[in-house]
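Student: Sharing start.cif (mmCIF, C-alpha atoms) below.
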```cif
data_coords
loop_
_atom_site.group_PDB
_atom_site.id
_atom_site.type_symbol
_atom_site.label_atom_id
_atom_site.label_comp_id
_atom_site.auth_asym_id
_atom_site.auth_seq_id
_atom_site.Cartn_x
_atom_site.Cartn_y
_atom_site.Cartn_z
ATOM 1 C CA MET E 38 -3.995 -74.048 37.637
ATOM 2 C CA ARG E 39 -1.464 -71.209 37.776
ATOM 3 C CA PHE E 40 1.088 -73.412 35.978
ATOM 4 C CA ALA E 41 -1.449 -74.268 33.259
ATOM 5 C CA GLY E 42 -2.155 -70.575 32.777
ATOM 6 C CA LEU E 43 1.540 -69.742 32.398
ATOM 7 C CA VAL E 44 2.101 -72.531 29.883
ATOM 8 C CA PHE E 45 -1.018 -71.634 27.912
ATOM 9 C CA ALA E 46 -0.073 -67.935 27.797
ATOM 10 C CA GLN E 47 3.322 -68.869 26.368
ATOM 11 C CA LEU E 48 1.575 -70.614 23.478
ATOM 12 C CA LEU E 49 -0.433 -67.503 22.660
ATOM 13 C CA ALA E 50 0.528 -64.054 21.446
ATOM 14 C CA PHE E 51 -1.840 -61.112 21.245
ATOM 15 C CA GLY E 52 -0.371 -58.446 18.985
ATOM 16 C CA ALA E 53 -0.819 -54.728 18.533
ATOM 17 C CA PRO E 54 -2.467 -52.535 17.880
ATOM 18 C CA HIS E 55 -4.332 -52.882 21.161
ATOM 19 C CA VAL E 56 -7.369 -50.650 21.627
ATOM 20 C CA ALA E 57 -8.370 -50.136 25.270
ATOM 21 C CA ARG E 58 -11.639 -48.414 26.118
ATOM 22 C CA PRO E 59 -14.170 -48.198 28.936
ATOM 23 C CA PRO E 60 -16.558 -51.152 28.827
ATOM 24 C CA ARG E 61 -19.995 -50.729 27.262
ATOM 25 C CA ALA E 62 -21.898 -53.623 28.816
ATOM 26 C CA THR E 63 -25.459 -53.163 30.032
ATOM 27 C CA LEU E 64 -26.613 -55.120 33.073
ATOM 28 C CA SER E 65 -30.247 -55.942 33.727
ATOM 29 C CA ALA E 66 -31.754 -54.630 36.967
ATOM 30 C CA ALA E 67 -31.901 -58.204 38.303
ATOM 31 C CA LEU E 68 -28.208 -58.826 37.594
ATOM 32 C CA ALA E 69 -27.265 -55.456 39.099
ATOM 33 C CA MET E 70 -29.207 -56.367 42.260
ATOM 34 C CA ARG E 71 -27.416 -59.730 42.436
ATOM 35 C CA LEU E 72 -24.055 -57.978 42.180
ATOM 36 C CA ASP E 73 -25.076 -55.342 44.741
ATOM 37 C CA ALA E 74 -25.723 -58.143 47.250
ATOM 38 C CA MET E 75 -22.062 -59.228 47.129
ATOM 39 C CA PRO E 76 -19.664 -57.867 49.752
ATOM 40 C CA LYS E 77 -17.472 -55.027 48.502
ATOM 41 C CA PRO E 78 -13.855 -56.128 48.018
ATOM 42 C CA GLN E 79 -11.105 -54.689 50.202
ATOM 43 C CA SER E 80 -8.282 -55.154 47.682
ATOM 44 C CA VAL E 81 -7.684 -55.109 43.948
ATOM 45 C CA ASP E 82 -6.932 -58.838 44.050
ATOM 46 C CA THR E 83 -10.260 -59.546 45.760
ATOM 47 C CA ALA E 84 -12.114 -57.339 43.247
ATOM 48 C CA LEU E 85 -10.357 -59.170 40.409
ATOM 49 C CA LYS E 86 -11.411 -62.577 41.750
ATOM 50 C CA LEU E 87 -14.978 -61.407 42.353
ATOM 51 C CA ALA E 88 -15.304 -60.044 38.789
ATOM 52 C CA LEU E 89 -13.720 -63.160 37.253
ATOM 53 C CA ASP E 90 -16.011 -65.512 39.162
ATOM 54 C CA ALA E 91 -19.126 -63.407 38.497
ATOM 55 C CA THR E 92 -18.298 -63.291 34.775
ATOM 56 C CA ALA E 93 -17.697 -67.049 34.655
ATOM 57 C CA ALA E 94 -21.042 -67.613 36.388
ATOM 58 C CA GLN E 95 -22.853 -65.615 33.684
ATOM 59 C CA LEU E 96 -21.133 -66.989 30.572
ATOM 60 C CA HIS E 97 -19.874 -70.183 28.980
ATOM 61 C CA PHE E 98 -17.661 -69.974 25.897
ATOM 62 C CA GLY E 99 -19.159 -70.372 22.451
ATOM 63 C CA LEU E 100 -19.309 -68.765 19.034
ATOM 64 C CA GLN E 101 -22.739 -69.906 17.869
ATOM 65 C CA HIS E 102 -24.635 -66.711 18.698
ATOM 66 C CA ARG E 103 -24.887 -63.045 17.817
ATOM 67 C CA THR E 104 -22.643 -60.882 20.017
ATOM 68 C CA SER E 105 -24.530 -58.888 22.632
ATOM 69 C CA THR E 106 -23.211 -56.735 25.446
ATOM 70 C CA THR E 107 -26.500 -56.839 27.339
ATOM 71 C CA PHE E 108 -26.460 -59.237 30.283
ATOM 72 C CA ASP E 109 -29.172 -60.696 32.507
ATOM 73 C CA VAL E 110 -29.173 -63.198 35.381
ATOM 74 C CA THR E 111 -29.571 -66.116 32.973
ATOM 75 C CA GLU E 112 -26.259 -67.812 32.165
ATOM 76 C CA ARG E 113 -25.568 -67.816 28.420
ATOM 77 C CA GLU E 114 -22.999 -68.387 25.719
ATOM 78 C CA GLY E 115 -20.357 -65.700 25.269
ATOM 79 C CA ASN E 116 -17.345 -64.940 23.084
ATOM 80 C CA CYS E 117 -14.181 -63.085 24.057
ATOM 81 C CA VAL E 118 -15.786 -59.686 23.366
ATOM 82 C CA GLU E 119 -18.646 -60.432 25.750
ATOM 83 C CA TYR E 120 -16.345 -61.856 28.427
ATOM 84 C CA ALA E 121 -14.105 -58.748 28.307
ATOM 85 C CA GLU E 122 -17.050 -56.336 28.378
ATOM 86 C CA LEU E 123 -18.832 -58.097 31.239
ATOM 87 C CA PHE E 124 -15.674 -58.578 33.321
ATOM 88 C CA ALA E 125 -14.611 -54.919 33.005
ATOM 89 C CA THR E 126 -18.126 -53.698 33.796
ATOM 90 C CA ILE E 127 -18.417 -55.901 36.882
ATOM 91 C CA PHE E 128 -14.912 -54.976 38.065
ATOM 92 C CA ASN E 129 -15.594 -51.243 37.725
ATOM 93 C CA ARG E 130 -18.944 -51.589 39.459
ATOM 94 C CA GLU E 131 -17.752 -53.792 42.302
ATOM 95 C CA LYS E 132 -14.374 -52.250 43.101
ATOM 96 C CA GLY E 133 -15.928 -49.993 45.710
ATOM 97 C CA SER E 134 -13.567 -47.238 46.822
ATOM 98 C CA LEU E 135 -10.461 -48.937 45.411
ATOM 99 C CA ASP E 136 -8.313 -46.790 43.123
ATOM 100 C CA ALA E 137 -8.518 -49.127 40.125
ATOM 101 C CA ARG E 138 -10.174 -49.219 36.721
ATOM 102 C CA ALA E 139 -10.800 -51.975 34.161
ATOM 103 C CA TYR E 140 -10.847 -51.504 30.398
ATOM 104 C CA ALA E 141 -12.001 -53.781 27.599
ATOM 105 C CA VAL E 142 -9.106 -54.330 25.174
ATOM 106 C CA HIS E 143 -9.202 -55.469 21.548
ATOM 107 C CA SER E 144 -5.960 -56.922 20.164
ATOM 108 C CA ALA E 145 -5.810 -56.871 16.381
ATOM 109 C CA GLU E 146 -3.820 -60.076 16.074
ATOM 110 C CA ALA E 147 -3.934 -63.403 17.861
ATOM 111 C CA ARG E 148 -1.391 -66.156 17.241
ATOM 112 C CA VAL E 149 -1.079 -69.703 18.489
ATOM 113 C CA LEU E 150 2.460 -71.124 18.423
ATOM 114 C CA GLY E 151 3.426 -68.173 16.227
ATOM 115 C CA GLN E 152 0.774 -68.848 13.592
ATOM 116 C CA ARG E 153 -2.415 -67.003 12.720
ATOM 117 C CA LEU E 154 -5.349 -69.362 12.572
ATOM 118 C CA ALA E 155 -7.348 -69.673 9.342
ATOM 119 C CA ASP E 156 -10.724 -69.224 11.054
ATOM 120 C CA PRO E 157 -11.542 -65.471 11.198
ATOM 121 C CA ALA E 158 -13.159 -65.978 14.631
ATOM 122 C CA TYR E 159 -9.695 -66.596 16.089
ATOM 123 C CA ARG E 160 -7.642 -63.938 14.267
ATOM 124 C CA ASP E 161 -8.079 -61.259 16.929
ATOM 125 C CA HIS E 162 -8.893 -61.331 20.618
ATOM 126 C CA ASP E 163 -10.545 -59.305 23.360
ATOM 127 C CA TRP E 164 -9.448 -59.270 26.997
ATOM 128 C CA ALA E 165 -9.311 -56.767 29.872
ATOM 129 C CA LEU E 166 -6.722 -54.493 31.417
ATOM 130 C CA VAL E 167 -6.949 -53.527 35.081
ATOM 131 C CA VAL E 168 -5.009 -50.417 36.055
ATOM 132 C CA ALA E 169 -4.438 -49.911 39.785
ATOM 133 C CA GLY E 170 -1.905 -47.162 40.405
ATOM 134 C CA ASP E 171 1.368 -48.329 38.848
ATOM 135 C CA ARG E 172 0.087 -51.885 38.623
ATOM 136 C CA ARG E 173 -1.263 -53.272 35.330
ATOM 137 C CA LEU E 174 -3.049 -56.611 35.232
ATOM 138 C CA PHE E 175 -3.549 -58.254 31.846
ATOM 139 C CA VAL E 176 -6.713 -60.288 32.415
ATOM 140 C CA ASP E 177 -8.339 -62.836 30.137
ATOM 141 C CA PRO E 178 -11.713 -63.775 31.637
ATOM 142 C CA THR E 179 -12.398 -66.187 28.745
ATOM 143 C CA LEU E 180 -9.287 -68.248 29.453
ATOM 144 C CA TYR E 181 -10.034 -68.081 33.184
ATOM 145 C CA ASP E 182 -13.483 -69.553 32.634
ATOM 146 C CA GLU E 183 -11.948 -72.339 30.532
ATOM 147 C CA GLY E 184 -9.557 -73.227 33.367
ATOM 148 C CA PHE E 185 -6.347 -71.741 31.954
ATOM 149 C CA GLY E 186 -5.859 -68.876 34.402
ATOM 150 C CA TRP E 187 -6.344 -65.185 33.784
ATOM 151 C CA ASP E 188 -2.824 -63.687 33.559
ATOM 152 C CA ILE E 189 -1.894 -63.078 29.914
ATOM 153 C CA SER E 190 0.836 -60.520 30.607
ATOM 154 C CA ARG E 191 3.406 -62.713 28.853
ATOM 155 C CA ALA E 192 1.180 -63.081 25.794
ATOM 156 C CA VAL E 193 0.529 -59.379 25.093
ATOM 157 C CA VAL E 194 2.959 -58.010 22.523
ATOM 158 C CA GLY E 195 3.287 -54.257 22.126
ATOM 159 C CA PRO E 196 2.112 -51.251 24.124
ATOM 160 C CA VAL E 197 -1.417 -50.908 25.493
ATOM 161 C CA THR E 198 -2.489 -47.309 26.001
ATOM 162 C CA VAL E 199 -5.458 -46.496 28.195
ATOM 163 C CA PRO E 200 -7.865 -43.678 27.282
#
```
Give the structure from the file, written as structure tokens.

Tutor:
Amino acid sequence: MRFAGLVFAQLLAFGAPHVARPPRATLSAALAMRLDAMPKPQSVDTALKLALDATAAQLHFGLQHRTSTTFDVTEREGNCVEYAELFATIFNREKGSLDARAYAVHSAEARVLGQRLADPAYRDHDWALVVAGDRRLFVDPTLYDEGFGWDISRAVVGPVTVP
């Protein structure tokens, strides 16, 4: 799967400007209780995996709905905005005492094999940035859920500034 993620990321380019901000997702009390029952991670890598898996359990990719950043225990359709918001919210909530923070990032331009797609739904893209000390992880929870891996560091073009 790691190889597939590397190959896929080389086909994609997410261009600046990139706007990073704290996530704005709202979790239902039931979903918050479900997350609270999980063991607290002891490393950034464990927190990353927990947040990716929890996000994938809540969403499946689709564009046939109105975007909402309110999440409940019921699994539902989500687009890249919803995946980024939910992932960053779960990561920030579940990281425990780790010195790390996740941000939702909007990239103004998305390209596949160097070309912008005609469909407006695919002209930009949202993903997440995890900052842990000097370490920056460029995380795409949507691609992860689709089986392409999460690391898009090779696909992000231009600087990403955190608030």

Student: Using all atoms listed in the file, which of E:Gln79, E:Pro60, E:Gly195, E:Asn116 sits nearest E:Glu146?

Tutor: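 When distances to E:Glu146 are compared using all atoms listed in the file, the smallest one comes from E:Gly195.
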
Student: Rank nothing, just name the residue among E:Val194, E:Pro59, E:Ala67, E:Gly184 nearest to E:Val167, using only C-alpha atoms.

Tutor: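 Among the listed residues, the smallest separation from E:Val167 belongs to E:Pro59.
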
Student: Fewer than 4 positions away in the same chain doesn't count, so skip those; otherwise give me all residues within 9 Å of E:Cys117, counting all atoms listed in the file, as a ChimeraX atom specification.

Tutor: /E:98-99,121-122,162-164,177-180

Student: Would you work out the distance separating atom CA of E:Arg113 from atom CA of E:Leu96, expressed in Å to one decimal?

Tutor: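 Interatomic distance, atom CA of E:Arg113 to atom CA of E:Leu96: 5.0 Å.
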
Student: Determine the residue set returned by the PyMOL selection byres ((chain E and resi 172-174) around 12) for the present structure, and present it as a PyMOL selection string.

Tutor: chain E and resi 81-82+85+125+136-140+142+164-171+175-178+187-191+193+196-199

Student: Can you tell me, as a list in words, which residues sit within 8 Å of (-21.8, -60.1, 21.6) in the file's frame, using only C-alpha atoms?

Tutor: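 Counting only C-alpha atoms, I find these residues within 8 Å of (-21.8, -60.1, 21.6): His102, Arg103, Thr104, Ser105, Thr106, Gly115, Asn116, Val118 and Glu119 of chain E.
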
Student: Using atom CA of E:Phe51 and atom CA of E:Gln101 as the two end points, give the distance in Å to one decimal.

Tutor: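 According to the coordinates, atom CA of E:Phe51 and atom CA of E:Gln101 are separated by 22.9 Å.
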
Student: Pick from E:Ser134, E:Ala192, E:Phe128, E:Val110: nearest to E:Gly151, with all atoms listed in the file counted?

Tutor: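 Closest residue, counting all atoms listed in the file: E:Ala192.
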
Student: Mind pulling up the distance from atom CA of E:Leu123 to atom CA of E:Thr83?

Tutor: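 These two atoms are separated by 16.9 Å.
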